[in-house]
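What follows is the content of start-v3.txt (compact mmCIF, C-alpha atoms).
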```txt
# COMPACT_ATOMS: atom_id res chain seq x y z
CA MET A 6 17.75 -44.05 -16.04
CA ALA A 7 19.44 -45.15 -19.28
CA ASP A 8 16.59 -47.48 -20.26
CA LYS A 9 14.04 -44.66 -20.44
CA LYS A 10 14.72 -43.61 -24.00
CA TRP A 11 11.53 -41.56 -24.31
CA MET A 12 13.04 -38.52 -22.65
CA PRO A 13 14.85 -36.06 -24.94
CA ARG A 14 18.64 -36.15 -24.96
CA TRP A 15 19.12 -32.71 -23.39
CA PHE A 16 17.27 -33.91 -20.32
CA TYR A 17 20.03 -36.45 -19.66
CA GLN A 18 22.74 -33.93 -20.47
CA LEU A 19 21.17 -31.55 -17.99
CA ALA A 20 21.45 -34.32 -15.42
CA SER A 21 25.24 -34.33 -15.79
CA PRO A 22 26.82 -31.86 -13.37
CA ARG A 23 29.89 -31.55 -15.56
CA TRP A 24 27.86 -30.70 -18.67
CA CYS A 25 25.89 -28.16 -16.61
CA TYR A 26 29.07 -26.56 -15.36
CA GLU A 27 30.37 -26.21 -18.91
CA ILE A 28 27.15 -24.88 -20.44
CA THR A 29 26.55 -22.36 -17.64
CA GLY A 30 30.15 -21.19 -18.14
CA LYS A 31 29.24 -20.33 -21.73
CA LEU A 32 25.82 -18.83 -20.94
CA LEU A 33 26.91 -16.73 -17.97
CA PRO A 34 28.62 -13.87 -19.89
CA LEU A 35 25.62 -13.55 -22.22
CA PHE A 36 23.22 -13.16 -19.32
CA VAL A 37 25.56 -10.75 -17.53
CA ILE A 38 25.58 -8.48 -20.58
CA ALA A 39 21.81 -8.78 -21.09
CA ALA A 40 21.11 -8.07 -17.41
CA ILE A 41 23.36 -4.99 -17.33
CA LEU A 42 21.94 -3.56 -20.56
CA LEU A 43 18.31 -4.16 -19.61
CA LEU A 44 18.57 -3.02 -15.99
CA VAL A 45 20.53 0.13 -16.80
CA THR A 46 18.24 1.20 -19.66
CA GLY A 47 15.18 0.21 -17.65
CA THR A 48 16.26 2.18 -14.58
CA VAL A 49 17.14 5.35 -16.50
CA TRP A 50 13.89 5.09 -18.44
CA ALA A 51 11.87 4.44 -15.28
CA LEU A 52 13.39 7.23 -13.21
CA ALA A 53 13.82 10.02 -15.74
CA PHE A 54 11.70 9.42 -18.83
CA ALA A 55 8.53 7.56 -17.87
CA PRO A 56 5.66 10.00 -17.20
CA ALA A 57 4.56 10.59 -13.59
CA ASP A 58 1.25 9.06 -12.53
CA TYR A 59 -1.59 11.60 -12.48
CA GLN A 60 -2.71 10.47 -8.99
CA GLN A 61 0.43 9.19 -7.31
CA GLY A 62 2.95 11.51 -8.92
CA ASN A 63 6.53 10.34 -8.85
CA SER A 64 6.19 7.76 -6.05
CA PHE A 65 4.68 5.65 -8.84
CA ARG A 66 8.25 5.06 -10.10
CA ILE A 67 8.66 2.48 -7.33
CA ILE A 68 6.54 0.18 -9.52
CA TYR A 69 9.61 -0.43 -11.70
CA ILE A 70 11.27 -2.27 -8.81
CA HIS A 71 8.20 -3.54 -6.98
CA VAL A 72 6.46 -5.36 -9.84
CA PRO A 73 9.56 -7.07 -11.31
CA SER A 74 10.70 -8.23 -7.86
CA SER A 75 7.23 -9.55 -6.97
CA ILE A 76 6.95 -11.46 -10.26
CA LEU A 77 10.47 -12.84 -9.85
CA ALA A 78 9.95 -13.91 -6.23
CA GLN A 79 6.98 -16.03 -7.35
CA SER A 80 8.65 -17.40 -10.51
CA CYS A 81 11.66 -18.36 -8.43
CA TYR A 82 9.41 -20.24 -6.02
CA MET A 83 7.77 -22.12 -8.88
CA LEU A 84 11.17 -23.02 -10.33
CA MET A 85 12.25 -24.26 -6.89
CA ALA A 86 9.15 -26.47 -6.55
CA VAL A 87 9.42 -27.85 -10.10
CA ALA A 88 13.16 -28.53 -9.75
CA GLY A 89 12.46 -30.17 -6.38
CA ALA A 90 9.78 -32.37 -7.96
CA ILE A 91 12.14 -33.40 -10.78
CA GLY A 92 14.74 -34.25 -8.13
CA LEU A 93 12.20 -36.33 -6.23
CA ILE A 94 10.89 -38.22 -9.27
CA TRP A 95 14.02 -38.76 -11.37
CA LYS A 96 16.57 -38.45 -8.54
CA MET A 97 18.38 -35.89 -10.65
CA LYS A 98 21.25 -34.34 -8.69
CA VAL A 99 21.38 -31.13 -10.72
CA ALA A 100 17.66 -30.53 -10.12
CA ASP A 101 18.26 -30.84 -6.36
CA MET A 102 21.08 -28.31 -6.65
CA VAL A 103 18.92 -25.86 -8.64
CA ALA A 104 16.16 -26.12 -6.03
CA LYS A 105 18.65 -25.47 -3.24
CA CYS A 106 20.12 -22.43 -5.02
CA CYS A 107 16.65 -20.93 -5.60
CA ALA A 108 15.85 -20.49 -1.91
CA PRO A 109 18.35 -17.77 -0.86
CA ILE A 110 17.88 -15.81 -4.10
CA GLY A 111 14.09 -16.04 -3.81
CA ALA A 112 14.14 -14.98 -0.17
CA SER A 113 16.17 -11.86 -0.96
CA ILE A 114 13.89 -10.97 -3.88
CA ALA A 115 10.82 -11.45 -1.68
CA VAL A 116 12.39 -9.04 0.84
CA LEU A 117 12.88 -6.54 -1.98
CA SER A 118 9.25 -6.92 -3.03
CA LEU A 119 7.98 -6.47 0.54
CA ALA A 120 10.31 -3.56 1.28
CA THR A 121 9.46 -1.62 -1.87
CA GLY A 122 5.80 -2.38 -1.25
CA ALA A 123 6.03 -0.90 2.23
CA ILE A 124 7.95 2.14 0.98
CA TRP A 125 5.35 2.67 -1.74
CA GLY A 126 2.49 2.09 0.70
CA LYS A 127 3.56 4.92 3.00
CA PRO A 128 2.96 7.85 0.59
CA THR A 129 0.09 6.09 -1.24
CA TRP A 130 -2.00 4.48 1.52
CA GLY A 131 -0.54 6.38 4.46
CA SER A 132 0.78 3.23 6.09
CA TRP A 133 3.91 1.08 5.78
CA TRP A 134 1.98 -2.13 6.27
CA VAL A 135 -1.63 -3.29 6.25
CA TRP A 136 -2.79 -6.85 6.91
CA ASP A 137 -4.18 -7.12 3.45
CA ALA A 138 -4.60 -10.44 1.56
CA ARG A 139 -1.96 -9.67 -1.07
CA LEU A 140 0.61 -8.41 1.44
CA THR A 141 0.00 -11.25 3.86
CA SER A 142 0.27 -13.97 1.20
CA MET A 143 3.51 -12.38 -0.03
CA LEU A 144 4.84 -12.39 3.55
CA ILE A 145 3.96 -16.09 3.74
CA LEU A 146 5.99 -16.63 0.54
CA PHE A 147 8.97 -15.06 2.29
CA PHE A 148 8.47 -17.30 5.35
CA LEU A 149 8.25 -20.35 3.07
CA TYR A 150 11.64 -19.45 1.62
CA LEU A 151 13.06 -19.07 5.13
CA GLY A 152 11.55 -22.40 6.19
CA ILE A 153 13.08 -24.13 3.18
CA ILE A 154 16.52 -22.62 3.86
CA ALA A 155 16.32 -23.64 7.53
CA LEU A 156 15.14 -27.18 6.73
CA ASN A 157 17.85 -27.62 4.13
CA SER A 158 20.63 -26.56 6.46
CA ALA A 159 19.25 -28.62 9.37
CA ILE A 160 19.60 -31.96 7.57
CA GLU A 161 23.07 -33.43 7.22
CA SER A 162 22.51 -35.77 4.27
CA GLU A 163 22.29 -33.88 0.97
CA ARG A 164 19.84 -36.37 -0.50
CA THR A 165 17.43 -36.30 2.48
CA ALA A 166 17.69 -32.51 2.71
CA ALA A 167 16.79 -32.20 -0.98
CA GLN A 168 13.83 -34.57 -0.62
CA SER A 169 12.40 -32.87 2.47
CA THR A 170 12.75 -29.36 1.06
CA ALA A 171 11.19 -30.50 -2.23
CA VAL A 172 8.13 -31.77 -0.36
CA LEU A 173 7.87 -28.53 1.64
CA ALA A 174 8.28 -26.46 -1.54
CA LEU A 175 5.54 -28.47 -3.28
CA VAL A 176 3.14 -28.05 -0.36
CA GLY A 177 3.88 -24.33 -0.27
CA LEU A 178 3.08 -24.08 -3.96
CA VAL A 179 -0.57 -23.64 -2.95
CA ASN A 180 0.37 -20.12 -1.87
CA ILE A 181 1.20 -19.02 -5.44
CA PRO A 182 -2.39 -18.96 -6.80
CA ILE A 183 -3.44 -17.40 -3.48
CA ILE A 184 -1.03 -14.51 -4.09
CA LYS A 185 -2.20 -14.19 -7.67
CA TYR A 186 -5.92 -14.16 -6.98
CA SER A 187 -5.78 -12.42 -3.58
CA VAL A 188 -6.64 -9.11 -5.24
CA ASP A 189 -9.76 -10.67 -6.82
CA TRP A 190 -10.95 -12.90 -3.98
CA TRP A 191 -10.75 -10.45 -1.11
CA ASN A 192 -11.44 -6.77 -0.74
CA THR A 193 -8.01 -5.30 -0.82
CA LEU A 194 -6.16 -2.02 -0.89
CA HIS A 195 -3.66 -3.46 -3.32
CA GLN A 196 -4.21 -2.62 -6.95
CA PRO A 197 -4.85 -5.47 -9.46
CA ALA A 198 -2.14 -7.07 -11.60
CA THR A 199 -0.26 -4.78 -13.98
CA PHE A 200 0.46 -7.45 -16.60
CA LYS A 201 -2.16 -9.97 -17.67
CA LEU A 202 -1.73 -12.50 -20.43
CA THR A 203 -5.15 -11.85 -21.89
CA GLU A 204 -5.39 -8.06 -21.81
CA ARG A 205 -3.34 -5.04 -22.65
CA PRO A 206 -2.00 -3.25 -19.55
CA ALA A 207 -4.27 -0.54 -18.15
CA MET A 208 -1.51 2.06 -18.44
CA PRO A 209 -0.02 3.86 -21.45
CA ALA A 210 2.89 2.32 -23.34
CA GLU A 211 5.32 4.98 -22.05
CA MET A 212 4.72 3.49 -18.61
CA TRP A 213 4.56 -0.26 -19.23
CA VAL A 214 7.31 -0.66 -21.84
CA PRO A 215 10.04 0.32 -19.35
CA LEU A 216 8.34 -1.94 -16.82
CA LEU A 217 8.60 -4.85 -19.24
CA VAL A 218 12.28 -4.01 -19.79
CA MET A 219 12.81 -4.15 -16.03
CA VAL A 220 10.94 -7.45 -15.67
CA ILE A 221 13.09 -9.10 -18.37
CA GLY A 222 16.19 -7.50 -16.83
CA PHE A 223 15.30 -8.94 -13.43
CA TYR A 224 14.90 -12.40 -14.99
CA CYS A 225 18.35 -12.08 -16.59
CA PHE A 226 19.80 -11.01 -13.23
CA PHE A 227 18.15 -14.06 -11.67
CA ALA A 228 19.74 -16.30 -14.31
CA VAL A 229 23.16 -14.83 -13.45
CA ALA A 230 22.70 -15.21 -9.68
CA MET A 231 21.35 -18.74 -10.18
CA MET A 232 24.21 -19.88 -12.41
CA LEU A 233 26.84 -18.44 -10.06
CA ARG A 234 25.37 -20.37 -7.13
CA LEU A 235 24.75 -23.52 -9.15
CA ARG A 236 28.36 -23.63 -10.34
CA ASN A 237 29.58 -23.36 -6.74
CA GLU A 238 27.22 -26.12 -5.70
CA ILE A 239 28.42 -28.37 -8.54
CA ILE A 240 32.10 -27.85 -7.63
CA GLN A 241 31.34 -28.40 -3.97
CA ARG A 242 29.49 -31.69 -4.48
CA GLU A 243 31.66 -33.07 -7.28
CA ARG A 244 34.94 -32.18 -5.57
CA ARG A 245 36.11 -35.79 -5.54
CA SER A 246 35.59 -36.35 -9.26
CA SER A 247 38.58 -36.13 -11.59
CA TRP A 248 37.28 -33.27 -13.73
CA VAL A 249 36.86 -30.99 -10.70
CA ARG A 250 40.33 -31.96 -9.42
CA ASP A 251 41.78 -31.04 -12.82
CA LEU A 252 39.80 -27.79 -12.84
CA ILE A 253 41.09 -26.79 -9.41
CA ALA A 254 44.67 -27.91 -10.05
CA GLY A 255 44.30 -25.69 -13.14
CA MET B 2 12.57 13.88 -19.74
CA SER B 3 9.84 14.24 -17.15
CA PHE B 4 11.90 16.69 -15.07
CA GLU B 5 12.86 20.32 -15.65
CA SER B 6 15.99 20.35 -13.50
CA PHE B 7 18.31 17.99 -11.64
CA ALA B 8 17.00 19.24 -8.28
CA GLU B 9 13.47 18.31 -9.33
CA PHE B 10 14.72 14.90 -10.41
CA ILE B 11 16.23 14.29 -6.96
CA ASP B 12 13.14 15.62 -5.19
CA MET B 13 10.71 13.41 -7.16
CA GLY B 14 7.83 15.75 -6.36
CA GLY B 15 8.42 15.41 -2.62
CA HIS B 16 8.64 11.61 -2.79
CA GLY B 17 12.39 11.53 -3.34
CA LEU B 18 13.16 9.60 -0.16
CA TYR B 19 10.70 6.81 -1.01
CA VAL B 20 11.73 6.47 -4.64
CA TRP B 21 15.49 6.59 -4.07
CA LEU B 22 15.31 4.29 -1.05
CA SER B 23 13.49 1.67 -3.18
CA TYR B 24 16.11 1.81 -5.91
CA ALA B 25 18.93 1.72 -3.35
CA ILE B 26 17.52 -1.43 -1.70
CA ALA B 27 17.17 -3.03 -5.15
CA LEU B 28 20.83 -2.26 -5.87
CA VAL B 29 21.91 -3.74 -2.54
CA VAL B 30 19.91 -6.95 -3.13
CA ILE B 31 21.36 -7.35 -6.63
CA VAL B 32 24.95 -6.72 -5.49
CA ILE B 33 24.65 -9.17 -2.57
CA ASN B 34 23.32 -11.88 -4.89
CA ILE B 35 26.32 -11.46 -7.20
CA VAL B 36 29.14 -10.82 -4.70
CA ASN B 37 28.14 -13.54 -2.22
CA PRO B 38 28.48 -16.49 -4.67
CA LEU B 39 31.68 -14.99 -6.14
CA MET B 40 33.29 -14.83 -2.69
CA TYR B 41 32.13 -18.35 -1.92
CA LYS B 42 33.64 -19.54 -5.19
CA ARG B 43 37.04 -18.16 -4.16
CA HIS B 44 36.68 -19.88 -0.80
CA ILE B 45 35.88 -23.26 -2.41
CA PHE B 46 38.75 -23.05 -4.88
CA THR B 47 41.40 -22.17 -2.27
CA GLU B 48 40.05 -24.81 0.12
CA GLN B 49 40.04 -27.56 -2.52
CA ALA B 50 43.46 -26.58 -3.87
CA ARG B 51 44.86 -26.89 -0.33
CA ARG B 52 43.23 -30.31 0.04
CA LEU B 53 44.71 -31.48 -3.26
CA ARG B 54 48.20 -30.36 -2.19
CA ARG B 55 47.84 -32.17 1.13
CA GLU B 56 46.80 -35.37 -0.63
CA LYS B 57 49.78 -35.15 -2.95
CA GLN B 58 52.19 -34.78 -0.04
CA SER B 59 50.89 -37.73 1.94
```
Structure rendered as structure tokens:
Amino acid sequence: MADKKWMPRWFYQLASPRWCYEITGKLLPLFVIAAILLLVTGTVWALAFAPADYQQGNSFRIIYIHVPSSILAQSCYMLMAVAGAIGLIWKMKVADMVAKCCAPIGASIAVLSLATGAIWGKPTWGSWWVWDARLTSMLILFFLYLGIIALNSAIESERTAAQSTAVLALVGLVNIPIIKYSVDWWNTLHQPATFKLTERPAMPAEMWVPLLVMVIGFYCFFAVAMMLRLRNEIIQRERRSSWVRDLIAG
Amino acid sequence: MSFESFAEFIDMGGHGLYVWLSYAIALVVIVINIVNPLMYKRHIFTEQARRLRREKQS
């Protein structure tokens, strides 16, 4: 890899498990503080101060969990596929580890998205679950996460496990645009996207500003959960190297 | 504030169960994602420290 000088320096640093361990050690407290601040303010704002929806009343407040978790479940999947691809192409160990750590976090966030969706569906649509395009494609996302976790744990060799899961993650990537456009392509009960890059949200600022706070807070929480898992994975795989021995001997 | 009293806040206009259940599940998911890796970290460190001691003895 050393002869490919056209890649920026940080890319090679990122490839070093030791450097990653050190940098995440520095970043972790910052993200912990950011996540706590954002999620606490966001939750208080969402539950007590945001106005009730004129049609749905207060059940609308579930949006402040449902939308951030749905966005995060998909972002996490994309990160997993991209990290898997980097691992496949450049044989970068840290990328393999990131991809592996994404799966359990993503699966739990997808459960949160599906559960809050069902809970919100009951008072709004009168049913916990409908076989609607958006709901079904989100359920498939959850099954993809489960498949990736199962495949990863079924293969003994770390390298082969990483390669196989990366391929599965990349194939499953096709589901992401399906989730996104499911509300446009099919007749669906589900309402269209809350945040779009090209338009202002179709709700007043008192409603979407706390939602944005929650979305950013969820991303910070993801960063924390990711770094905690990644650091474990690094220690686990580099246990025979001298720097980890020194770290453990303390 | 969008609520007149604390009781109204808990009731959420009759949707209290749905709203509070959603937030409770979110809390559980967040806590699991933090506690699980922290416990695993402790496990790895004690395991590896034991291994290092064994290697030193032999």
Determine, for each residue of chain A having at least one atom at most 8 Å from an atom of chain B, the closest pair of atoms and their separation in Å to one decimal, counting only C-alpha atoms; order by chain and ascending number, as CSV.
```
residue,atom,partner,partner_atom,distance
A:Ala53,CA,B:Met2,CA,5.7
A:Phe54,CA,B:Met2,CA,4.6
A:Ala55,CA,B:Ser3,CA,6.8
A:Pro56,CA,B:Ser3,CA,6.0
A:Ala57,CA,B:Ser3,CA,7.3
A:Gly62,CA,B:Gly14,CA,7.0
A:Asn63,CA,B:Met13,CA,5.5
A:Ser64,CA,B:His16,CA,5.6
A:Arg66,CA,B:Val20,CA,6.6
A:Ile67,CA,B:Val20,CA,5.7
A:Ile70,CA,B:Tyr24,CA,7.0
A:Ile110,CA,B:Asn34,CA,6.8
A:Ser113,CA,B:Val30,CA,6.5
A:Ile114,CA,B:Val30,CA,7.3
A:Leu117,CA,B:Ala27,CA,6.4
A:Ala120,CA,B:Ser23,CA,7.6
A:Thr121,CA,B:Ser23,CA,5.4
A:Ile124,CA,B:Tyr19,CA,5.8
A:Trp125,CA,B:Tyr19,CA,6.8
A:Pro128,CA,B:His16,CA,7.6
A:Phe226,CA,B:Ile31,CA,7.7
A:Val229,CA,B:Ile35,CA,7.8
A:Ala230,CA,B:Ile35,CA,5.8
A:Leu233,CA,B:Pro38,CA,6.0
A:Arg234,CA,B:Pro38,CA,5.5
A:Asn237,CA,B:Lys42,CA,5.8
A:Ile240,CA,B:Ile45,CA,7.9
A:Gln241,CA,B:Ile45,CA,7.0
A:Arg244,CA,B:Gln49,CA,7.5
A:Arg250,CA,B:Leu53,CA,7.6
A:Ile253,CA,B:Ala50,CA,6.0
A:Ala254,CA,B:Ala50,CA,6.4
```
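From CA of Met143 (chain A) back to CA of Thr193 (chain A), the distance works out to 13.5 Å.
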Taking every listed atom of region 29-43 of chain B and adding 5 Å to each side, what centre and edge lengths in Å (one decimal) does the axis-aligned box have, as JSON?
```
{"center_x": 28.5, "center_y": -11.6, "center_z": -4.6, "size_x": 27.1, "size_y": 25.8, "size_z": 15.3}
```
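The two atoms in question, CA of Met97 (chain A) and CA of Ala20 (chain A), are spaced 5.9 Å apart.
Distances to Gly111 (chain A) were evaluated for A:Tyr17, A:Gly92, A:Pro182, A:Ser80 using all atoms listed in the file, and the minimum falls at A:Ser80.
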(message) Would you pick out the contacts of Gly222 (chain A) at 8 Å or less, using only C-alpha atoms, so that residues sharing its chain but fewer than 2 positions from it are not included, and give the list as a list in words?
(response) Ala39, Ala40, Ile41, Leu42, Leu43, Leu44, Gly47, Val218, Met219, Val220, Tyr224, Cys225 and Phe226 of chain A
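Distance check against Glu238 (chain A) using all atoms listed in the file: of A:Ala90, A:Met102, A:Asp58, A:Ala108, the minimum falls on A:Met102.
CA of Tyr82 (chain A) is positioned 21.3 Å from CA of Ala123 (chain A).
For the residues A:Ala104, A:Leu156, A:Ile183, A:Ala115, ranking by smallest atom-to-atom distance to Ala138 (chain A) using all atoms listed in the file places A:Ile183 first.
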(message) Given only C-alpha atoms as the basis, pick out the residue of A:Ala171, A:Arg236, A:Ile153, A:Arg245 nearest to Glu56 (chain B).
(response) A:Arg245
